[in-house]
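Shown next, in structure tokens, is the structure this report addresses.
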Amino acid sequence: MSQRGRYIAFEGWEASGKSTQAQILAQQLDAVLTREPGGTDLGSTIRDLVLGDGPEPTERAEALLFAADRAQHLAEVVEPALAEGRDVVTDRSFGSTLAYQGYGRGQSVEELMRLVEWTSGGLLPDLVVLLTVAVDVANDRLGDQRDRMESEDVDFAKRVVEGFAALAEADPLRWVVVDGGGSVDEVAAKVSKAVGLR
């Protein structure tokens with residue numbers, strides 16, 4: 001029986017470099033590369049609902065839509081790959097729920113964590129790489145074309161960033177913090193060291 005794969009998530013505020021660094025690490029590890037929301041066909045539809053310009057969900061509905069995406073994603077993509085011995089690298093995971101819907105929207109982090117645990121059946125990333133960039137730097141990177149989350153105000157962004165920092169501090173065995181400043185290659189080198197490749 002093959003050894004179970006390693007489950008690694010990238011987290012951070014918008015335009016922190018998560019997608020780029022997740023892709024680089026997945027190539028280095030020959031891992032399955034995926035994302036939340038949108039890692040499945042159902043998830044793509046949910047992504048359009050929560051990030052597109054259609055009807056805006058209530059705060060609780062938003063949290064539940066992200067939870068539905070995660071449940072499908074874990075069952076359809078993540079768990080089968082891990083069981084086959086493949087590593088999985090995901091652009092966002094449960095940390096985004098706690099940071100965005102909890103710290104950002106002001107919902108109970110404890111209640112959201114119970115939702116996360118129920119949704120995931122206890123399957124959480126083995127390692128979470130938190131990429132940090134200053135909010136003003138991220139804002140410059142985003143440009144004018146923005147989805148619903150990227151269009152939130154600076155105060156929301158700051159609450160989310162502070163939330164991520166609090167999550168990382170509270171669970172240092174799972175989370176590693178990597179400065180997202182510098183070139184793509186410089187950040188990739190820091191990520192490789194953080195995950196034990198260098």
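Going through the structure tokens in order, the chains are called A, B, and so on, while each chain numbers its residues from 1 and the ligands are numbered from 1 in the order shown.
Secondary structure of region 36-171 of chain A, strand (DSSP E) only (DSSP, backbone atoms): A:Val88, A:Val89, A:Thr90, A:Asp91, A:Leu127, A:Val128, A:Val129, A:Leu130, A:Leu131, A:Thr132.
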Selected residues written out, C-alpha atoms, as a short mmCIF file (atom, residue, chain, number, x, y, z; two decimals), in the first residue's frame:
```
data_model
loop_
_atom_site.label_atom_id
_atom_site.label_comp_id
_atom_site.auth_asym_id
_atom_site.auth_seq_id
_atom_site.Cartn_x
_atom_site.Cartn_y
_atom_site.Cartn_z
CA VAL A 88 -1.83 17.81 -2.97
CA VAL A 89 -1.18 21.56 -3.13
CA THR A 90 -4.22 23.81 -2.86
CA ASP A 91 -4.65 27.52 -3.38
CA LEU A 127 0.89 22.33 6.33
CA VAL A 128 -0.45 25.82 5.64
CA VAL A 129 1.89 28.33 3.99
CA LEU A 130 0.75 31.87 4.78
CA LEU A 131 2.14 34.39 2.29
CA THR A 132 2.21 37.89 3.71
#
```
Spatial neighbours of region 163-178 of chain A, 9 Å, only C-alpha atoms, chain gap at least 4 places, as a ChimeraX atom specification: /A:11-13,95-96,98-100,102-104,125-132,158-159,187,190-191,194-195
Residue selection dump (N, CA and C atoms) as a short mmCIF file (atom, residue, chain, number, x, y, z; two decimals), in the first residue's frame:
```cif
data_model
loop_
_atom_site.label_atom_id
_atom_site.label_comp_id
_atom_site.auth_asym_id
_atom_site.auth_seq_id
_atom_site.Cartn_x
_atom_site.Cartn_y
_atom_site.Cartn_z
N GLU A 11 -2.29 30.16 1.83
CA GLU A 11 -3.27 31.13 2.29
C GLU A 11 -2.67 32.53 2.24
N GLY A 12 -3.55 33.53 2.32
CA GLY A 12 -3.11 34.91 2.34
C GLY A 12 -4.16 35.82 1.75
N TRP A 13 -3.97 37.11 1.93
CA TRP A 13 -4.87 38.09 1.36
C TRP A 13 -4.72 38.08 -0.17
N GLY A 95 -8.40 27.98 6.22
CA GLY A 95 -7.95 29.24 6.80
C GLY A 95 -8.67 30.44 6.21
N SER A 96 -9.01 30.35 4.93
CA SER A 96 -9.72 31.47 4.30
C SER A 96 -11.12 31.65 4.89
N LEU A 98 -12.00 30.99 7.97
CA LEU A 98 -11.86 31.62 9.29
C LEU A 98 -11.42 33.08 9.18
N ALA A 99 -10.52 33.37 8.23
CA ALA A 99 -10.02 34.73 8.10
C ALA A 99 -11.03 35.66 7.43
N TYR A 100 -11.65 35.20 6.36
CA TYR A 100 -12.57 36.06 5.61
C TYR A 100 -13.95 36.14 6.25
N GLY A 102 -14.84 34.84 9.18
CA GLY A 102 -14.73 35.07 10.62
C GLY A 102 -14.22 36.46 10.94
N TYR A 103 -12.91 36.65 10.78
CA TYR A 103 -12.33 37.95 11.12
C TYR A 103 -12.82 39.06 10.20
N GLY A 104 -12.94 38.78 8.92
CA GLY A 104 -13.36 39.82 7.98
C GLY A 104 -14.81 40.21 8.12
N PRO A 125 -5.32 20.49 6.03
CA PRO A 125 -3.97 20.45 5.48
C PRO A 125 -2.93 20.09 6.55
N ASP A 126 -1.94 19.32 6.14
CA ASP A 126 -0.82 19.01 7.02
C ASP A 126 0.03 20.25 7.27
N LEU A 127 0.09 21.11 6.26
CA LEU A 127 0.89 22.33 6.33
C LEU A 127 0.15 23.45 5.62
N VAL A 128 0.13 24.63 6.26
CA VAL A 128 -0.45 25.82 5.64
C VAL A 128 0.66 26.86 5.49
N VAL A 129 0.89 27.30 4.27
CA VAL A 129 1.89 28.33 3.99
C VAL A 129 1.15 29.66 3.86
N LEU A 130 1.38 30.56 4.80
CA LEU A 130 0.75 31.87 4.78
C LEU A 130 1.71 32.87 4.13
N LEU A 131 1.33 33.37 2.97
CA LEU A 131 2.14 34.39 2.29
C LEU A 131 1.66 35.76 2.72
N THR A 132 2.57 36.57 3.20
CA THR A 132 2.21 37.89 3.71
C THR A 132 2.75 39.00 2.80
N LYS A 158 -7.64 44.58 6.06
CA LYS A 158 -6.80 44.58 7.26
C LYS A 158 -7.29 43.57 8.29
N ARG A 159 -8.61 43.43 8.43
CA ARG A 159 -9.14 42.44 9.38
C ARG A 159 -8.79 41.02 8.93
N VAL A 187 10.65 34.38 -3.49
CA VAL A 187 9.59 33.86 -2.63
C VAL A 187 9.53 32.34 -2.74
N LYS A 190 12.02 30.79 -0.52
CA LYS A 190 11.59 30.83 0.88
C LYS A 190 10.52 29.77 1.16
N VAL A 191 9.63 29.56 0.20
CA VAL A 191 8.59 28.54 0.35
C VAL A 191 9.22 27.16 0.40
N ALA A 194 10.63 26.54 3.70
CA ALA A 194 9.59 26.41 4.71
C ALA A 194 8.94 25.04 4.69
N VAL A 195 8.83 24.44 3.52
CA VAL A 195 8.18 23.13 3.41
C VAL A 195 9.18 21.98 3.47
#
```
Residue set, region 3-161 of chain A restricted to alpha helix (DSSP H), as a PyMOL selection string: chain A and resi 18-29+41-51+59-73+79-83+94-96+109-120+135-142+154-161
Leaving out Ala67 (chain A) and any residue of its chain fewer than 5 positions from it, which residues lie within 12 Å of it when counting only C-alpha atoms, given as an mmCIF file with all heavy atoms, in the first residue's frame?
```
data_model
loop_
_atom_site.group_PDB
_atom_site.id
_atom_site.type_symbol
_atom_site.label_atom_id
_atom_site.label_comp_id
_atom_site.auth_asym_id
_atom_site.auth_seq_id
_atom_site.Cartn_x
_atom_site.Cartn_y
_atom_site.Cartn_z
ATOM 1 N N GLU A 36 -9.508 26.316 -3.918
ATOM 2 C CA GLU A 36 -10.816 26.560 -3.322
ATOM 3 C C GLU A 36 -11.102 28.058 -3.376
ATOM 4 O O GLU A 36 -10.230 28.846 -3.016
ATOM 5 C CB GLU A 36 -10.839 26.101 -1.856
ATOM 6 C CG GLU A 36 -10.752 24.613 -1.657
ATOM 7 C CD GLU A 36 -10.914 24.214 -0.197
ATOM 8 O OE1 GLU A 36 -11.271 25.093 0.631
ATOM 9 O OE2 GLU A 36 -10.700 23.043 0.120
ATOM 10 N N PRO A 37 -12.298 28.421 -3.808
ATOM 11 C CA PRO A 37 -13.295 27.554 -4.430
ATOM 12 C C PRO A 37 -12.949 27.302 -5.891
ATOM 13 O O PRO A 37 -12.142 28.027 -6.474
ATOM 14 C CB PRO A 37 -14.582 28.379 -4.307
ATOM 15 C CG PRO A 37 -14.113 29.803 -4.361
ATOM 16 C CD PRO A 37 -12.788 29.809 -3.651
ATOM 17 N N GLY A 38 -13.546 26.254 -6.461
ATOM 18 C CA GLY A 38 -13.414 26.025 -7.892
ATOM 19 C C GLY A 38 -12.592 24.837 -8.318
ATOM 20 O O GLY A 38 -12.281 24.699 -9.497
ATOM 21 N N GLY A 43 -17.678 23.115 -7.758
ATOM 22 C CA GLY A 43 -16.969 24.229 -7.148
ATOM 23 C C GLY A 43 -16.837 25.430 -8.069
ATOM 24 O O GLY A 43 -16.885 26.583 -7.607
ATOM 25 N N ILE A 46 -20.022 27.265 -7.806
ATOM 26 C CA ILE A 46 -20.076 27.973 -6.525
ATOM 27 C C ILE A 46 -19.159 29.194 -6.559
ATOM 28 O O ILE A 46 -19.517 30.266 -6.042
ATOM 29 C CB ILE A 46 -19.697 27.029 -5.370
ATOM 30 C CG1 ILE A 46 -20.777 25.942 -5.210
ATOM 31 C CG2 ILE A 46 -19.514 27.808 -4.064
ATOM 32 C CD1 ILE A 46 -20.421 24.853 -4.219
ATOM 33 N N ARG A 47 -18.000 29.062 -7.169
ATOM 34 C CA ARG A 47 -17.065 30.186 -7.264
ATOM 35 C C ARG A 47 -17.718 31.372 -7.976
ATOM 36 O O ARG A 47 -17.583 32.519 -7.555
ATOM 37 C CB ARG A 47 -15.801 29.755 -8.011
ATOM 38 C CG ARG A 47 -14.708 30.815 -8.059
ATOM 39 C CD ARG A 47 -13.481 30.342 -8.826
ATOM 40 N NE ARG A 47 -12.436 31.347 -8.813
ATOM 41 C CZ ARG A 47 -11.502 31.449 -7.887
ATOM 42 N NH1 ARG A 47 -11.474 30.586 -6.885
ATOM 43 N NH2 ARG A 47 -10.591 32.392 -7.934
ATOM 44 N N VAL A 50 -20.190 33.075 -5.509
ATOM 45 C CA VAL A 50 -19.674 33.852 -4.376
ATOM 46 C C VAL A 50 -18.736 34.983 -4.781
ATOM 47 O O VAL A 50 -18.592 35.957 -4.041
ATOM 48 C CB VAL A 50 -18.973 32.946 -3.331
ATOM 49 C CG1 VAL A 50 -19.966 32.023 -2.671
ATOM 50 C CG2 VAL A 50 -17.835 32.153 -3.949
ATOM 51 N N ARG A 60 -23.997 34.454 6.222
ATOM 52 C CA ARG A 60 -24.098 33.029 6.536
ATOM 53 C C ARG A 60 -24.168 32.193 5.261
ATOM 54 O O ARG A 60 -23.564 31.118 5.182
ATOM 55 C CB ARG A 60 -25.317 32.768 7.423
ATOM 56 C CG ARG A 60 -25.132 33.208 8.869
ATOM 57 C CD ARG A 60 -26.400 32.965 9.682
ATOM 58 N NE ARG A 60 -26.228 33.415 11.059
ATOM 59 C CZ ARG A 60 -25.926 32.625 12.079
ATOM 60 N NH1 ARG A 60 -25.772 31.332 11.896
ATOM 61 N NH2 ARG A 60 -25.786 33.117 13.295
ATOM 62 N N ALA A 61 -24.913 32.684 4.272
ATOM 63 C CA ALA A 61 -25.007 31.954 3.008
ATOM 64 C C ALA A 61 -23.631 31.858 2.345
ATOM 65 O O ALA A 61 -23.278 30.817 1.779
ATOM 66 C CB ALA A 61 -26.006 32.639 2.078
ATOM 67 N N GLU A 62 -22.858 32.926 2.423
ATOM 68 C CA GLU A 62 -21.515 32.936 1.853
ATOM 69 C C GLU A 62 -20.655 31.846 2.501
ATOM 70 O O GLU A 62 -19.985 31.060 1.810
ATOM 71 C CB GLU A 62 -20.867 34.306 2.063
ATOM 72 C CG GLU A 62 -19.463 34.430 1.500
ATOM 73 C CD GLU A 62 -18.875 35.795 1.792
ATOM 74 O OE1 GLU A 62 -18.342 36.001 2.916
ATOM 75 O OE2 GLU A 62 -18.948 36.660 0.899
ATOM 76 N N GLN A 72 -17.188 19.149 -1.415
ATOM 77 C CA GLN A 72 -17.082 18.497 -2.724
ATOM 78 C C GLN A 72 -15.618 18.329 -3.123
ATOM 79 O O GLN A 72 -15.206 17.278 -3.631
ATOM 80 C CB GLN A 72 -17.818 19.340 -3.771
ATOM 81 C CG GLN A 72 -17.945 18.681 -5.134
ATOM 82 C CD GLN A 72 -19.014 17.616 -5.166
ATOM 83 O OE1 GLN A 72 -19.835 17.530 -4.261
ATOM 84 N NE2 GLN A 72 -19.012 16.794 -6.204
ATOM 85 N N HIS A 73 -14.841 19.355 -2.878
ATOM 86 C CA HIS A 73 -13.421 19.370 -3.241
ATOM 87 C C HIS A 73 -12.647 18.275 -2.519
ATOM 88 O O HIS A 73 -11.858 17.540 -3.127
ATOM 89 C CB HIS A 73 -12.859 20.762 -2.887
ATOM 90 C CG HIS A 73 -11.433 20.961 -3.228
ATOM 91 N ND1 HIS A 73 -10.499 21.412 -2.315
ATOM 92 C CD2 HIS A 73 -10.754 20.778 -4.382
ATOM 93 C CE1 HIS A 73 -9.331 21.508 -2.900
ATOM 94 N NE2 HIS A 73 -9.446 21.133 -4.152
ATOM 95 N N LEU A 74 -12.874 18.150 -1.221
ATOM 96 C CA LEU A 74 -12.154 17.141 -0.449
ATOM 97 C C LEU A 74 -12.542 15.734 -0.882
ATOM 98 O O LEU A 74 -11.685 14.851 -1.009
ATOM 99 C CB LEU A 74 -12.430 17.331 1.048
ATOM 100 C CG LEU A 74 -11.855 18.607 1.672
ATOM 101 C CD1 LEU A 74 -12.314 18.754 3.115
ATOM 102 C CD2 LEU A 74 -10.335 18.623 1.601
ATOM 103 N N SER A 93 -7.726 27.128 1.585
ATOM 104 C CA SER A 93 -8.356 26.025 2.302
ATOM 105 C C SER A 93 -9.172 26.609 3.459
ATOM 106 O O SER A 93 -9.690 27.718 3.355
ATOM 107 C CB SER A 93 -7.296 25.035 2.797
ATOM 108 O OG SER A 93 -7.893 23.940 3.435
ATOM 109 N N PHE A 94 -9.209 25.877 4.574
ATOM 110 C CA PHE A 94 -10.075 26.285 5.691
ATOM 111 C C PHE A 94 -9.673 27.623 6.308
ATOM 112 O O PHE A 94 -10.515 28.340 6.864
ATOM 113 C CB PHE A 94 -10.071 25.198 6.772
ATOM 114 C CG PHE A 94 -8.854 25.183 7.644
ATOM 115 C CD1 PHE A 94 -8.886 25.745 8.912
ATOM 116 C CD2 PHE A 94 -7.664 24.616 7.200
ATOM 117 C CE1 PHE A 94 -7.766 25.735 9.731
ATOM 118 C CE2 PHE A 94 -6.537 24.597 8.016
ATOM 119 C CZ PHE A 94 -6.586 25.165 9.280
ATOM 120 N N GLY A 95 -8.400 27.979 6.224
ATOM 121 C CA GLY A 95 -7.951 29.239 6.797
ATOM 122 C C GLY A 95 -8.670 30.443 6.213
ATOM 123 O O GLY A 95 -8.933 31.424 6.914
ATOM 124 N N SER A 96 -9.015 30.354 4.933
ATOM 125 C CA SER A 96 -9.721 31.466 4.305
ATOM 126 C C SER A 96 -11.116 31.646 4.886
ATOM 127 O O SER A 96 -11.597 32.772 5.048
ATOM 128 C CB SER A 96 -9.805 31.252 2.789
ATOM 129 O OG SER A 96 -8.547 31.462 2.190
ATOM 130 N N THR A 97 -11.776 30.542 5.202
ATOM 131 C CA THR A 97 -13.091 30.634 5.840
ATOM 132 C C THR A 97 -12.988 31.371 7.169
ATOM 133 O O THR A 97 -13.780 32.267 7.468
ATOM 134 C CB THR A 97 -13.685 29.230 6.063
ATOM 135 O OG1 THR A 97 -14.009 28.662 4.796
ATOM 136 C CG2 THR A 97 -14.938 29.274 6.928
ATOM 137 N N LEU A 98 -12.005 30.990 7.971
ATOM 138 C CA LEU A 98 -11.856 31.617 9.288
ATOM 139 C C LEU A 98 -11.424 33.080 9.175
ATOM 140 O O LEU A 98 -11.913 33.939 9.918
ATOM 141 C CB LEU A 98 -10.846 30.830 10.121
ATOM 142 C CG LEU A 98 -11.164 29.345 10.340
ATOM 143 C CD1 LEU A 98 -10.084 28.702 11.192
ATOM 144 C CD2 LEU A 98 -12.531 29.154 10.969
ATOM 145 N N GLN A 101 -14.575 34.984 6.452
ATOM 146 C CA GLN A 101 -15.922 35.003 7.007
ATOM 147 C C GLN A 101 -15.919 35.239 8.521
ATOM 148 O O GLN A 101 -16.871 35.781 9.056
ATOM 149 C CB GLN A 101 -16.657 33.698 6.682
ATOM 150 C CG GLN A 101 -17.188 33.607 5.258
ATOM 151 C CD GLN A 101 -16.098 33.443 4.222
ATOM 152 O OE1 GLN A 101 -15.317 32.493 4.281
ATOM 153 N NE2 GLN A 101 -16.038 34.362 3.268
ATOM 154 N N LEU A 112 -17.539 28.868 12.974
ATOM 155 C CA LEU A 112 -17.029 28.562 11.641
ATOM 156 C C LEU A 112 -16.074 27.372 11.681
ATOM 157 O O LEU A 112 -16.069 26.542 10.762
ATOM 158 C CB LEU A 112 -16.331 29.783 11.046
ATOM 159 C CG LEU A 112 -17.254 30.914 10.593
ATOM 160 C CD1 LEU A 112 -16.438 32.148 10.259
ATOM 161 C CD2 LEU A 112 -18.094 30.488 9.391
ATOM 162 N N MET A 113 -15.283 27.260 12.755
ATOM 163 C CA MET A 113 -14.371 26.128 12.863
ATOM 164 C C MET A 113 -15.147 24.828 13.021
ATOM 165 O O MET A 113 -14.738 23.791 12.482
ATOM 166 C CB MET A 113 -13.395 26.329 14.036
ATOM 167 C CG MET A 113 -12.262 25.290 14.056
ATOM 168 S SD MET A 113 -11.213 25.407 12.575
ATOM 169 C CE MET A 113 -10.548 23.747 12.479
ATOM 170 N N ARG A 114 -16.258 24.873 13.722
ATOM 171 C CA ARG A 114 -17.103 23.677 13.816
ATOM 172 C C ARG A 114 -17.656 23.300 12.441
ATOM 173 O O ARG A 114 -17.735 22.117 12.096
ATOM 174 C CB ARG A 114 -18.245 23.908 14.820
ATOM 175 C CG ARG A 114 -17.782 23.889 16.274
ATOM 176 C CD ARG A 114 -18.937 23.686 17.231
ATOM 177 N NE ARG A 114 -19.839 24.830 17.267
ATOM 178 C CZ ARG A 114 -19.673 25.890 18.066
ATOM 179 N NH1 ARG A 114 -18.637 25.947 18.889
ATOM 180 N NH2 ARG A 114 -20.549 26.889 18.050
ATOM 181 N N LEU A 115 -18.015 24.319 11.652
ATOM 182 C CA LEU A 115 -18.474 24.066 10.288
ATOM 183 C C LEU A 115 -17.347 23.464 9.449
ATOM 184 O O LEU A 115 -17.564 22.518 8.687
ATOM 185 C CB LEU A 115 -18.971 25.370 9.653
ATOM 186 C CG LEU A 115 -19.406 25.302 8.189
ATOM 187 C CD1 LEU A 115 -20.598 24.357 8.025
ATOM 188 C CD2 LEU A 115 -19.738 26.699 7.665
ATOM 189 N N VAL A 116 -16.148 24.008 9.596
ATOM 190 C CA VAL A 116 -14.979 23.481 8.879
ATOM 191 C C VAL A 116 -14.755 22.017 9.224
ATOM 192 O O VAL A 116 -14.539 21.175 8.343
ATOM 193 C CB VAL A 116 -13.717 24.314 9.218
ATOM 194 C CG1 VAL A 116 -12.447 23.574 8.819
ATOM 195 C CG2 VAL A 116 -13.774 25.678 8.539
ATOM 196 N N GLU A 117 -14.790 21.704 10.507
ATOM 197 C CA GLU A 117 -14.534 20.329 10.943
ATOM 198 C C GLU A 117 -15.607 19.374 10.430
ATOM 199 O O GLU A 117 -15.309 18.259 10.013
ATOM 200 C CB GLU A 117 -14.439 20.283 12.466
ATOM 201 C CG GLU A 117 -13.179 20.962 13.004
ATOM 202 C CD GLU A 117 -13.193 21.159 14.500
ATOM 203 O OE1 GLU A 117 -14.288 21.045 15.102
ATOM 204 O OE2 GLU A 117 -12.126 21.435 15.072
ATOM 205 N N TRP A 118 -16.872 19.829 10.450
ATOM 206 C CA TRP A 118 -17.950 18.974 9.953
ATOM 207 C C TRP A 118 -17.826 18.781 8.444
ATOM 208 O O TRP A 118 -17.948 17.679 7.914
ATOM 209 C CB TRP A 118 -19.311 19.594 10.287
ATOM 210 C CG TRP A 118 -20.454 18.749 9.821
ATOM 211 C CD1 TRP A 118 -20.979 17.657 10.439
ATOM 212 C CD2 TRP A 118 -21.216 18.929 8.616
ATOM 213 N NE1 TRP A 118 -22.017 17.139 9.692
ATOM 214 C CE2 TRP A 118 -22.187 17.898 8.577
ATOM 215 C CE3 TRP A 118 -21.162 19.865 7.575
ATOM 216 C CZ2 TRP A 118 -23.093 17.787 7.523
ATOM 217 C CZ3 TRP A 118 -22.075 19.743 6.536
ATOM 218 C CH2 TRP A 118 -23.022 18.715 6.519
ATOM 219 N N THR A 119 -17.557 19.883 7.736
ATOM 220 C CA THR A 119 -17.431 19.841 6.282
ATOM 221 C C THR A 119 -16.293 18.936 5.837
ATOM 222 O O THR A 119 -16.412 18.183 4.872
ATOM 223 C CB THR A 119 -17.177 21.263 5.737
ATOM 224 O OG1 THR A 119 -18.258 22.111 6.128
ATOM 225 C CG2 THR A 119 -17.050 21.265 4.235
ATOM 226 N N SER A 120 -15.180 19.028 6.549
ATOM 227 C CA SER A 120 -13.967 18.306 6.139
ATOM 228 C C SER A 120 -13.896 16.891 6.684
ATOM 229 O O SER A 120 -13.047 16.105 6.249
ATOM 230 C CB SER A 120 -12.732 19.076 6.606
ATOM 231 O OG SER A 120 -12.636 19.064 8.020
ATOM 232 N N GLY A 121 -14.751 16.578 7.653
ATOM 233 C CA GLY A 121 -14.626 15.272 8.295
ATOM 234 C C GLY A 121 -13.289 15.123 9.007
ATOM 235 O O GLY A 121 -12.803 14.009 9.197
#
```
